[in-house]
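Asks: Please find work_9.txt (compact mmCIF, C-alpha atoms) on the next line:
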```txt
# COMPACT_ATOMS: atom_id res chain seq x y z
CA MET X 28 -5.60 24.69 -4.24
CA THR X 29 -6.21 21.26 -5.75
CA ALA X 30 -7.45 18.30 -3.78
CA ASP X 31 -4.10 16.53 -4.21
CA SER X 32 -2.00 19.28 -2.68
CA TYR X 33 -4.30 19.17 0.34
CA VAL X 34 -4.40 15.38 0.71
CA ALA X 35 -0.65 14.69 0.48
CA PRO X 36 0.42 16.63 3.60
CA ARG X 37 -2.52 15.23 5.55
CA ARG X 38 -1.49 11.69 4.63
CA TRP X 39 2.04 12.45 5.73
CA SER X 40 0.91 13.80 9.10
CA GLU X 41 -1.33 10.73 9.55
CA PHE X 42 1.67 8.54 8.76
CA MET X 43 3.77 10.42 11.34
CA LEU X 44 1.01 10.07 13.95
CA GLY X 45 1.12 6.31 13.43
CA ALA X 46 4.92 6.29 13.50
CA ARG X 47 4.86 7.97 16.90
CA ARG X 48 2.55 5.24 18.22
CA SER X 49 5.03 2.61 17.04
CA LEU X 50 7.81 3.83 19.34
CA PRO X 51 7.04 1.72 22.47
CA VAL X 52 6.56 -1.31 20.24
CA VAL X 53 9.94 -0.80 18.60
CA VAL X 54 11.61 -0.55 22.03
CA ALA X 55 9.85 -3.64 23.43
CA ALA X 56 10.48 -5.78 20.35
CA ALA X 57 14.13 -4.80 19.75
CA PRO X 58 15.75 -7.30 22.16
CA PHE X 59 13.72 -10.11 20.61
CA GLY X 60 14.61 -9.09 17.08
CA LEU X 61 18.30 -9.13 18.04
CA LEU X 62 17.96 -12.37 20.01
CA PHE X 63 16.29 -14.00 17.03
CA GLY X 64 19.22 -13.12 14.78
CA THR X 65 21.67 -14.55 17.30
CA LEU X 66 19.76 -17.78 17.94
CA ALA X 67 19.17 -18.29 14.20
CA LEU X 68 22.90 -18.63 13.58
CA GLU X 69 23.27 -20.96 16.56
CA ASN X 70 20.59 -23.20 15.08
CA GLY X 71 22.30 -23.53 11.73
CA PHE X 72 20.74 -20.67 9.76
CA SER X 73 22.84 -18.45 7.50
CA THR X 74 22.67 -14.68 8.02
CA PHE X 75 20.59 -14.42 4.84
CA GLU X 76 18.12 -17.03 6.08
CA ALA X 77 17.74 -15.23 9.43
CA ILE X 78 16.93 -11.93 7.68
CA PHE X 79 14.71 -13.70 5.16
CA MET X 80 12.66 -15.31 7.95
CA SER X 81 12.14 -12.00 9.81
CA ALA X 82 11.22 -10.26 6.55
CA THR X 83 8.70 -12.83 5.29
CA ILE X 84 7.13 -14.47 8.36
CA TYR X 85 7.37 -11.34 10.56
CA ALA X 86 6.04 -12.96 13.76
CA GLY X 87 8.51 -13.19 16.63
CA ALA X 88 7.19 -16.07 18.70
CA SER X 89 6.64 -18.35 15.70
CA GLN X 90 10.11 -17.54 14.37
CA MET X 91 11.65 -18.61 17.70
CA VAL X 92 9.61 -21.83 17.73
CA GLY X 93 10.65 -22.52 14.13
CA LEU X 94 14.34 -22.07 14.97
CA ASP X 95 14.12 -24.22 18.03
CA LEU X 96 12.43 -27.12 16.26
CA PHE X 97 14.72 -26.92 13.25
CA GLY X 98 17.73 -26.95 15.58
CA ALA X 99 16.25 -30.04 17.27
CA LYS X 100 16.16 -31.80 13.85
CA VAL X 101 12.39 -32.09 13.81
CA ALA X 102 10.81 -33.03 10.44
CA PRO X 103 10.41 -29.94 8.20
CA TRP X 104 6.62 -30.32 7.80
CA LEU X 105 6.26 -30.38 11.58
CA VAL X 106 8.30 -27.18 11.87
CA VAL X 107 5.97 -25.52 9.36
CA LEU X 108 2.88 -26.82 11.17
CA SER X 109 4.17 -25.43 14.47
CA ILE X 110 4.78 -22.01 12.92
CA PHE X 111 1.18 -22.12 11.68
CA ALA X 112 -0.10 -23.16 15.13
CA VAL X 113 1.66 -20.28 16.88
CA ASN X 114 0.30 -17.81 14.33
CA PHE X 115 -3.25 -19.13 14.28
CA ARG X 116 -4.43 -16.29 16.56
CA HIS X 117 -4.05 -13.91 13.60
CA VAL X 118 -7.21 -15.41 12.09
CA LEU X 119 -9.11 -13.76 14.94
CA TYR X 120 -7.26 -10.45 14.48
CA SER X 121 -8.01 -10.46 10.79
CA ALA X 122 -11.73 -11.19 11.25
CA THR X 123 -11.99 -8.54 13.98
CA ILE X 124 -10.16 -5.64 12.34
CA GLY X 125 -11.31 -6.52 8.81
CA ARG X 126 -14.78 -5.17 9.70
CA GLN X 127 -13.22 -1.70 10.03
CA LEU X 128 -11.31 -1.71 6.75
CA SER X 129 -14.16 -1.71 4.22
CA HIS X 130 -13.09 1.75 2.99
CA TRP X 131 -9.67 0.40 1.95
CA THR X 132 -8.98 -0.83 -1.59
CA PRO X 133 -8.43 -4.61 -1.99
CA LEU X 134 -4.73 -3.94 -2.59
CA GLN X 135 -4.47 -1.87 0.59
CA ARG X 136 -6.08 -4.72 2.52
CA ALA X 137 -3.79 -7.30 0.91
CA VAL X 138 -0.76 -5.23 1.97
CA GLY X 139 -2.16 -4.23 5.35
CA PHE X 140 -2.88 -7.79 6.49
CA PHE X 141 0.77 -8.76 5.99
CA PHE X 142 1.70 -6.35 8.82
CA LEU X 143 -1.05 -7.48 11.24
CA VAL X 144 1.16 -8.38 14.23
CA ASP X 145 -0.08 -8.27 17.86
CA PRO X 146 0.71 -4.58 18.62
CA GLN X 147 -0.50 -3.49 15.18
CA PHE X 148 -3.85 -5.14 15.87
CA ALA X 149 -4.08 -3.65 19.38
CA GLU X 150 -3.30 -0.13 18.14
CA ALA X 151 -5.83 -0.41 15.33
CA GLU X 152 -8.56 -1.67 17.69
CA GLN X 153 -7.84 1.16 20.13
CA ARG X 154 -8.20 3.64 17.28
CA VAL X 155 -11.60 2.15 16.42
CA GLU X 156 -12.61 2.35 20.07
CA SER X 157 -11.78 6.07 20.17
CA GLY X 158 -14.27 6.53 17.32
CA ARG X 159 -11.79 7.32 14.55
CA ARG X 160 -11.34 5.65 11.18
CA ILE X 161 -8.28 3.53 10.44
CA GLY X 162 -6.55 5.34 7.59
CA PHE X 163 -4.12 3.37 5.45
CA ALA X 164 -1.39 6.02 5.95
CA TRP X 165 -1.82 5.92 9.73
CA TYR X 166 -1.76 2.10 9.70
CA MET X 167 1.43 1.98 7.66
CA GLY X 168 2.94 4.67 9.90
CA ILE X 169 2.77 2.13 12.71
CA ALA X 170 3.70 -0.86 10.56
CA LEU X 171 6.77 0.32 8.65
CA PRO X 172 9.02 1.40 11.57
CA ILE X 173 8.26 -1.83 13.45
CA TYR X 174 8.81 -3.98 10.36
CA THR X 175 11.95 -2.24 9.13
CA LEU X 176 13.65 -2.40 12.51
CA TRP X 177 12.56 -6.01 13.02
CA VAL X 178 14.35 -7.01 9.81
CA VAL X 179 17.43 -4.90 10.59
CA GLU X 180 17.58 -6.42 14.09
CA ALA X 181 17.75 -9.96 12.68
CA TRP X 182 20.77 -8.86 10.68
CA VAL X 183 22.47 -7.01 13.57
CA GLY X 184 21.69 -9.89 15.95
CA ALA X 185 23.24 -12.37 13.53
CA LEU X 186 26.39 -10.24 13.27
CA PHE X 187 26.87 -9.05 16.87
CA GLY X 188 24.55 -11.21 18.98
CA ARG X 189 27.20 -12.21 21.45
CA LEU X 190 27.44 -8.65 22.74
CA ILE X 191 24.16 -8.69 24.75
CA PRO X 192 25.60 -8.82 28.30
CA ASP X 193 23.09 -10.32 30.77
CA PRO X 194 19.50 -10.35 29.49
CA HIS X 195 18.10 -11.49 32.85
CA ALA X 196 19.68 -8.68 34.93
CA LEU X 197 18.41 -6.11 32.43
CA GLY X 198 14.90 -7.58 32.53
CA ILE X 199 14.92 -8.12 28.76
CA ASP X 200 13.22 -11.52 28.94
CA PHE X 201 10.18 -9.92 30.61
CA LEU X 202 9.74 -6.87 28.35
CA LEU X 203 7.00 -8.40 26.26
CA PRO X 204 4.69 -9.68 29.04
CA ILE X 205 4.73 -6.16 30.56
CA TYR X 206 4.04 -4.61 27.18
CA PHE X 207 1.19 -7.04 26.43
CA LEU X 208 -0.33 -6.41 29.86
CA GLY X 209 -0.37 -2.70 29.01
CA LEU X 210 -2.28 -3.54 25.83
CA VAL X 211 -4.78 -5.72 27.72
CA MET X 212 -5.41 -2.86 30.18
CA GLY X 213 -6.04 -0.52 27.26
CA PHE X 214 -9.24 -2.44 26.44
CA ARG X 215 -10.69 -2.39 29.95
CA LYS X 216 -13.68 -0.21 29.00
CA ARG X 217 -15.07 -2.88 26.66
CA ALA X 218 -18.14 -4.96 27.47
CA MET X 219 -17.29 -8.11 29.43
CA TRP X 220 -13.61 -7.14 29.73
CA LEU X 221 -12.93 -8.56 33.20
CA PRO X 222 -14.74 -11.91 32.70
CA VAL X 223 -13.03 -12.36 29.32
CA VAL X 224 -9.59 -11.60 30.77
CA GLY X 225 -10.22 -13.93 33.73
CA VAL X 226 -11.40 -16.87 31.61
CA SER X 227 -8.63 -16.43 29.03
CA ALA X 228 -6.01 -16.25 31.78
CA VAL X 229 -7.21 -19.39 33.55
CA ALA X 230 -7.74 -21.35 30.31
CA SER X 231 -4.33 -20.39 28.92
CA VAL X 232 -2.54 -21.32 32.16
CA ILE X 233 -4.31 -24.71 32.30
CA ALA X 234 -3.56 -25.32 28.62
CA TYR X 235 0.06 -24.26 29.15
CA LYS X 236 0.42 -26.82 31.95
CA THR X 237 -1.40 -29.67 30.18
CA VAL X 238 -1.34 -29.38 26.38
CA GLY X 239 1.73 -27.17 26.37
CA SER X 240 3.00 -24.21 24.36
CA PRO X 241 2.10 -22.85 21.77
CA TRP X 242 -1.44 -24.24 21.96
CA HIS X 243 -2.21 -22.33 25.17
CA VAL X 244 -2.57 -19.15 23.09
CA SER X 245 -5.29 -20.49 20.79
CA ILE X 246 -7.07 -22.41 23.57
CA GLY X 247 -7.04 -19.49 26.02
CA ALA X 248 -8.12 -17.04 23.32
CA LEU X 249 -11.01 -19.20 22.12
CA ALA X 250 -12.24 -19.64 25.71
CA GLY X 251 -12.39 -15.84 26.15
CA VAL X 252 -13.99 -15.27 22.75
CA PHE X 253 -16.69 -17.89 23.41
CA LEU X 254 -17.45 -16.28 26.75
CA GLY X 255 -17.77 -12.90 25.03
CA ALA X 256 -20.15 -14.44 22.49
CA LEU X 257 -22.27 -16.34 25.02
CA LEU X 258 -22.85 -13.86 27.81
CA PRO X 259 -25.41 -11.10 27.29
CA PRO X 260 -23.30 -7.98 26.83
CA GLY X 261 -23.80 -4.94 29.04
CA LYS X 262 -23.58 -1.63 27.29
CA SER X 263 -20.72 -1.80 24.85
CA VAL X 264 -18.36 1.08 24.34
CA ARG X 265 -18.88 0.90 20.60
CA GLU X 266 -22.62 1.36 20.88
CA GLU X 267 -22.14 4.33 23.16
CA ALA X 268 -19.81 5.94 20.68
CA GLN X 269 -22.33 5.68 17.87
CA MET Z 19 17.76 -23.86 -2.12
CA SER Z 20 18.18 -25.25 1.39
CA THR Z 21 15.55 -26.98 3.56
CA ILE Z 22 15.55 -23.91 5.79
CA PHE Z 23 14.64 -21.72 2.84
CA TRP Z 24 11.58 -23.82 1.99
CA ILE Z 25 10.50 -24.05 5.63
CA ILE Z 26 10.57 -20.25 5.76
CA VAL Z 27 8.62 -19.89 2.49
CA ALA Z 28 5.91 -22.33 3.63
CA GLY Z 29 5.77 -20.72 7.08
CA ALA Z 30 5.45 -17.26 5.50
CA VAL Z 31 2.63 -18.32 3.17
CA LEU Z 32 0.68 -19.96 6.01
CA THR Z 33 1.26 -16.98 8.31
CA TYR Z 34 -0.04 -14.60 5.65
CA LEU Z 35 -3.10 -16.82 5.21
CA THR Z 36 -3.87 -16.54 8.95
CA ARG Z 37 -3.59 -12.73 8.70
CA ALA Z 38 -5.82 -12.39 5.64
CA GLY Z 39 -7.99 -15.48 6.19
CA GLY Z 40 -10.15 -14.36 9.07
CA HIS Z 41 -11.32 -11.36 7.07
CA LEU Z 42 -11.76 -13.36 3.85
CA VAL Z 43 -14.02 -15.87 5.60
CA LEU Z 44 -16.02 -13.27 7.49
CA SER Z 45 -16.53 -10.98 4.48
CA ARG Z 46 -18.45 -13.82 2.72
CA PHE Z 47 -21.34 -13.22 5.08
CA GLU Z 48 -23.61 -10.28 4.43
CA ARG Z 49 -24.74 -9.95 8.01
CA ILE Z 50 -22.70 -10.81 11.06
CA HIS Z 51 -24.64 -12.44 13.88
CA PRO Z 52 -24.64 -10.30 17.08
CA ARG Z 53 -23.04 -13.15 19.02
CA VAL Z 54 -20.20 -13.40 16.49
CA GLU Z 55 -19.88 -9.62 16.76
CA ALA Z 56 -19.70 -9.86 20.57
CA GLY Z 57 -17.15 -12.67 20.34
CA LEU Z 58 -14.95 -10.64 17.98
CA ASN Z 59 -15.14 -7.63 20.28
CA ALA Z 60 -13.64 -9.87 22.99
CA VAL Z 61 -10.68 -10.83 20.77
CA PRO Z 62 -8.12 -8.21 21.87
CA ALA Z 63 -8.51 -8.89 25.60
CA ALA Z 64 -8.78 -12.66 25.11
CA VAL Z 65 -5.73 -13.16 22.89
CA LEU Z 66 -3.42 -10.63 24.54
CA THR Z 67 -4.19 -12.10 27.98
CA THR Z 68 -2.89 -15.50 26.88
CA LEU Z 69 0.45 -13.84 26.07
CA VAL Z 70 0.75 -12.56 29.65
CA ALA Z 71 -0.84 -15.19 31.93
CA PRO Z 72 1.65 -18.08 31.65
CA ALA Z 73 4.59 -15.67 32.01
CA ALA Z 74 2.96 -14.18 35.13
CA MET Z 75 2.38 -17.66 36.56
CA GLU Z 76 6.01 -18.68 36.04
CA GLY Z 77 7.28 -15.35 37.41
CA GLY Z 78 8.79 -14.76 40.86
CA PRO Z 79 8.18 -11.79 43.20
CA ALA Z 80 10.05 -9.33 40.96
CA GLU Z 81 8.04 -10.26 37.86
CA ILE Z 82 4.71 -10.20 39.72
CA ALA Z 83 5.53 -6.82 41.28
CA ALA Z 84 6.39 -5.38 37.86
CA LEU Z 85 3.07 -6.57 36.40
CA VAL Z 86 1.10 -5.23 39.38
CA VAL Z 87 2.79 -1.83 39.06
CA ALA Z 88 2.07 -1.83 35.31
CA ALA Z 89 -1.61 -2.62 35.90
CA LEU Z 90 -1.94 0.08 38.58
CA ILE Z 91 -0.36 2.75 36.37
CA SER Z 92 -2.73 1.79 33.55
CA LEU Z 93 -5.72 1.98 35.91
CA ALA Z 94 -4.58 5.44 37.04
CA GLY Z 95 -4.69 6.51 33.40
CA GLY Z 96 -0.95 6.54 32.71
CA GLY Z 97 0.18 6.17 29.10
CA MET Z 98 2.02 3.20 27.61
CA MET Z 99 5.55 4.60 27.89
CA PRO Z 100 5.34 5.70 31.58
CA MET Z 101 3.77 2.34 32.45
CA PHE Z 102 6.37 0.42 30.51
CA LEU Z 103 9.40 2.30 31.88
CA THR Z 104 8.23 2.25 35.51
CA ALA Z 105 7.46 -1.47 35.39
CA MET Z 106 10.87 -2.17 33.86
CA ALA Z 107 12.57 -0.10 36.57
CA VAL Z 108 10.72 -2.06 39.29
CA LEU Z 109 11.66 -5.36 37.64
CA ILE Z 110 15.35 -4.55 37.25
CA LEU Z 111 15.59 -3.10 40.78
CA LEU Z 112 13.88 -6.08 42.45
CA ARG Z 113 15.88 -8.61 40.44
CA HIS Z 114 19.08 -6.97 41.70
CA LEU Z 115 17.87 -6.72 45.31
CA LEU Z 116 16.40 -10.23 45.48
CA GLY Z 117 19.29 -11.75 43.54
```
Could you take the file, read its structure, and then write that structure out as structure tokens?
Replies:
Amino acid sequence: MTADSYVAPRRWSEFMLGARRSLPVVVAAAPFGLLFGTLALENGFSTFEAIFMSATIYAGASQMVGLDLFGAKVAPWLVVLSIFAVNFRHVLYSATIGRQLSHWTPLQRAVGFFFLVDPQFAEAEQRVESGRRIGFAWYMGIALPIYTLWVVEAWVGALFGRLIPDPHALGIDFLLPIYFLGLVMGFRKRAMWLPVVGVSAVASVIAYKTVGSPWHVSIGALAGVFLGALLPPGKSVREEAQ
Amino acid sequence: MSTIFWIIVAGAVLTYLTRAGGHLVLSRFERIHPRVEAGLNAVPAAVLTTLVAPAAMEGGPAEIAALVVAALISLAGGGMMPMFLTAMAVLILLRHLLG
């Protein structure tokens, strides 16, 4: 038996393991993917432009902000700057998870970083926490179902968006906060978890009320990260695992 | 090509730079200071919290109840799907009952 015939099925099963992890993400993101397609057309996008935006920017909140500002006839450079501001948190994701990807090839990293959305980052960090390596096949197993459906949803939303009956009664507008809370809870064994969550929550709420959205994300996040850096850590989960 | 097209292209390039940039900057350093390390380990909780907190603050009783139920199920060791589905059920039910 050659090495190749052994590696290929293992890669496939790794990919499928990742794909299974992507399921809750696909469910939680679907209404927003569809909503994006619908709102894009209302704000003067063509169907192609809606699909193109989901396929290239691939970041829900920033896409919504972009649509909104474009629809409000804001200057194009300001629309672009706002998209950048909403997505600035990814710098932190990239620096954090990049430390765990040194066994990837440069090309794998270049591809992998494109798919580094919030749930992708959270899943990858949880995998690190459980003491396992992040394989490229596993990573793409999570990424590709989420990405593919996200792009398809922009298209379907653009075509049939009017058919969503009553988003409020179905709780659709609150799917993501619940999902993100679940992710936050998943990291509760980390050093300084509760203080970091508390400071980030308070800072983001204050920033939301004063500076306004989308800056509350970066401001709240930086407050929590600085606290994590400043306070002497207790025993960290990562050290225990080693 | 339309203005929208170029807005999307510029937005996509900048978004990709945020996703690759953090790693590109950090990988220039041979050693990472322990405090930077500790700060980065706080990133998941810090960033994801900011995506929940304002929504929780703006929420009414139904939204708060759903988040509390979600947190409790997580604390009890429930998986993501059970947590997610139960919290959604609580939210939908309370929104109907409370109007």
Asks: With distances taken over all atoms listed in the file, which residue among Z:Leu115, Z:Val70, Z:Ile82, Z:Leu35 lies nearest chain X?
Replies: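 Among the listed residues, Z:Val70 lies closest to chain X.
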Asks: At a cut-off of 7 Å, which residues of chain X touch chain Z? Count all atoms listed in the file and give the answer as a PyMOL selection string.
Replies: chain X and resi 51+76+80+83-84+103+107+110-111+114-115+117-119+121-123+125+140-141+143+149+196-198+204-209+211-212+214+220+223-224+227-228+231-232+235+244+247-248+251-253+255-257
Asks: Output C-alpha atoms of each residue in that selection to a file, as a PDB file, in the coordinates of the input.
Replies:
```
ATOM      1  CA  PRO X  51       7.040   1.720  22.470  1.00  0.00           C
ATOM      2  CA  GLU X  76      18.120 -17.030   6.080  1.00  0.00           C
ATOM      3  CA  MET X  80      12.660 -15.310   7.950  1.00  0.00           C
ATOM      4  CA  THR X  83       8.700 -12.830   5.290  1.00  0.00           C
ATOM      5  CA  ILE X  84       7.130 -14.470   8.360  1.00  0.00           C
ATOM      6  CA  PRO X 103      10.410 -29.940   8.200  1.00  0.00           C
ATOM      7  CA  VAL X 107       5.970 -25.520   9.360  1.00  0.00           C
ATOM      8  CA  ILE X 110       4.780 -22.010  12.920  1.00  0.00           C
ATOM      9  CA  PHE X 111       1.180 -22.120  11.680  1.00  0.00           C
ATOM     10  CA  ASN X 114       0.300 -17.810  14.330  1.00  0.00           C
ATOM     11  CA  PHE X 115      -3.250 -19.130  14.280  1.00  0.00           C
ATOM     12  CA  HIS X 117      -4.050 -13.910  13.600  1.00  0.00           C
ATOM     13  CA  VAL X 118      -7.210 -15.410  12.090  1.00  0.00           C
ATOM     14  CA  LEU X 119      -9.110 -13.760  14.940  1.00  0.00           C
ATOM     15  CA  SER X 121      -8.010 -10.460  10.790  1.00  0.00           C
ATOM     16  CA  ALA X 122     -11.730 -11.190  11.250  1.00  0.00           C
ATOM     17  CA  THR X 123     -11.990  -8.540  13.980  1.00  0.00           C
ATOM     18  CA  GLY X 125     -11.310  -6.520   8.810  1.00  0.00           C
ATOM     19  CA  PHE X 140      -2.880  -7.790   6.490  1.00  0.00           C
ATOM     20  CA  PHE X 141       0.770  -8.760   5.990  1.00  0.00           C
ATOM     21  CA  LEU X 143      -1.050  -7.480  11.240  1.00  0.00           C
ATOM     22  CA  ALA X 149      -4.080  -3.650  19.380  1.00  0.00           C
ATOM     23  CA  ALA X 196      19.680  -8.680  34.930  1.00  0.00           C
ATOM     24  CA  LEU X 197      18.410  -6.110  32.430  1.00  0.00           C
ATOM     25  CA  GLY X 198      14.900  -7.580  32.530  1.00  0.00           C
ATOM     26  CA  PRO X 204       4.690  -9.680  29.040  1.00  0.00           C
ATOM     27  CA  ILE X 205       4.730  -6.160  30.560  1.00  0.00           C
ATOM     28  CA  TYR X 206       4.040  -4.610  27.180  1.00  0.00           C
ATOM     29  CA  PHE X 207       1.190  -7.040  26.430  1.00  0.00           C
ATOM     30  CA  LEU X 208      -0.330  -6.410  29.860  1.00  0.00           C
ATOM     31  CA  GLY X 209      -0.370  -2.700  29.010  1.00  0.00           C
ATOM     32  CA  VAL X 211      -4.780  -5.720  27.720  1.00  0.00           C
ATOM     33  CA  MET X 212      -5.410  -2.860  30.180  1.00  0.00           C
ATOM     34  CA  PHE X 214      -9.240  -2.440  26.440  1.00  0.00           C
ATOM     35  CA  TRP X 220     -13.610  -7.140  29.730  1.00  0.00           C
ATOM     36  CA  VAL X 223     -13.030 -12.360  29.320  1.00  0.00           C
ATOM     37  CA  VAL X 224      -9.590 -11.600  30.770  1.00  0.00           C
ATOM     38  CA  SER X 227      -8.630 -16.430  29.030  1.00  0.00           C
ATOM     39  CA  ALA X 228      -6.010 -16.250  31.780  1.00  0.00           C
ATOM     40  CA  SER X 231      -4.330 -20.390  28.920  1.00  0.00           C
ATOM     41  CA  VAL X 232      -2.540 -21.320  32.160  1.00  0.00           C
ATOM     42  CA  TYR X 235       0.060 -24.260  29.150  1.00  0.00           C
ATOM     43  CA  VAL X 244      -2.570 -19.150  23.090  1.00  0.00           C
ATOM     44  CA  GLY X 247      -7.040 -19.490  26.020  1.00  0.00           C
ATOM     45  CA  ALA X 248      -8.120 -17.040  23.320  1.00  0.00           C
ATOM     46  CA  GLY X 251     -12.390 -15.840  26.150  1.00  0.00           C
ATOM     47  CA  VAL X 252     -13.990 -15.270  22.750  1.00  0.00           C
ATOM     48  CA  PHE X 253     -16.690 -17.890  23.410  1.00  0.00           C
ATOM     49  CA  GLY X 255     -17.770 -12.900  25.030  1.00  0.00           C
ATOM     50  CA  ALA X 256     -20.150 -14.440  22.490  1.00  0.00           C
ATOM     51  CA  LEU X 257     -22.270 -16.340  25.020  1.00  0.00           C
TER      52      LEU X 257
END
```
Asks: In Å, how far is it from atom CA of Ser109 of chain X to atom CA of Ile246 of chain X?
Replies: 14.8 Å
Asks: Have a look at atom CA of Tyr174 of chain X and atom CA of Pro146 of chain X and let me know their distance in Å, one decimal.
Replies: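 So the two atoms, atom CA of Tyr174 of chain X and atom CA of Pro146 of chain X, lie 11.6 Å apart.
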Asks: Considering all atoms listed in the file, return as a PyMOL selection string whatever protein or nucleic-acid residues lie within 10 Å of Ala46 of chain X, sequence-local ones (same chain, fewer than 4 positions apart) excluded.
Replies: chain X and resi 40-42+50+164-173
Asks: Which of these, X:Ala181, X:Ala234, X:Ala137, X:Val226, has the shortest distance to Ala77 of chain X once you count all atoms listed in the file?
Replies: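 Under the stated criterion, the closest residue is X:Ala181.
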Asks: Kindly give the distance, in Å, that separates atom CA of Thr237 of chain X and atom CA of Asp200 of chain X, rounded to a single decimal.
Replies: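 So the answer is 23.3 Å.
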Asks: Choose the residue, out of X:Arg37, X:Gly213, X:Ala102, X:Leu61, that has the smallest atom-to-atom separation from Ala94 of chain Z; count all atoms listed in the file.
Replies: X:Gly213
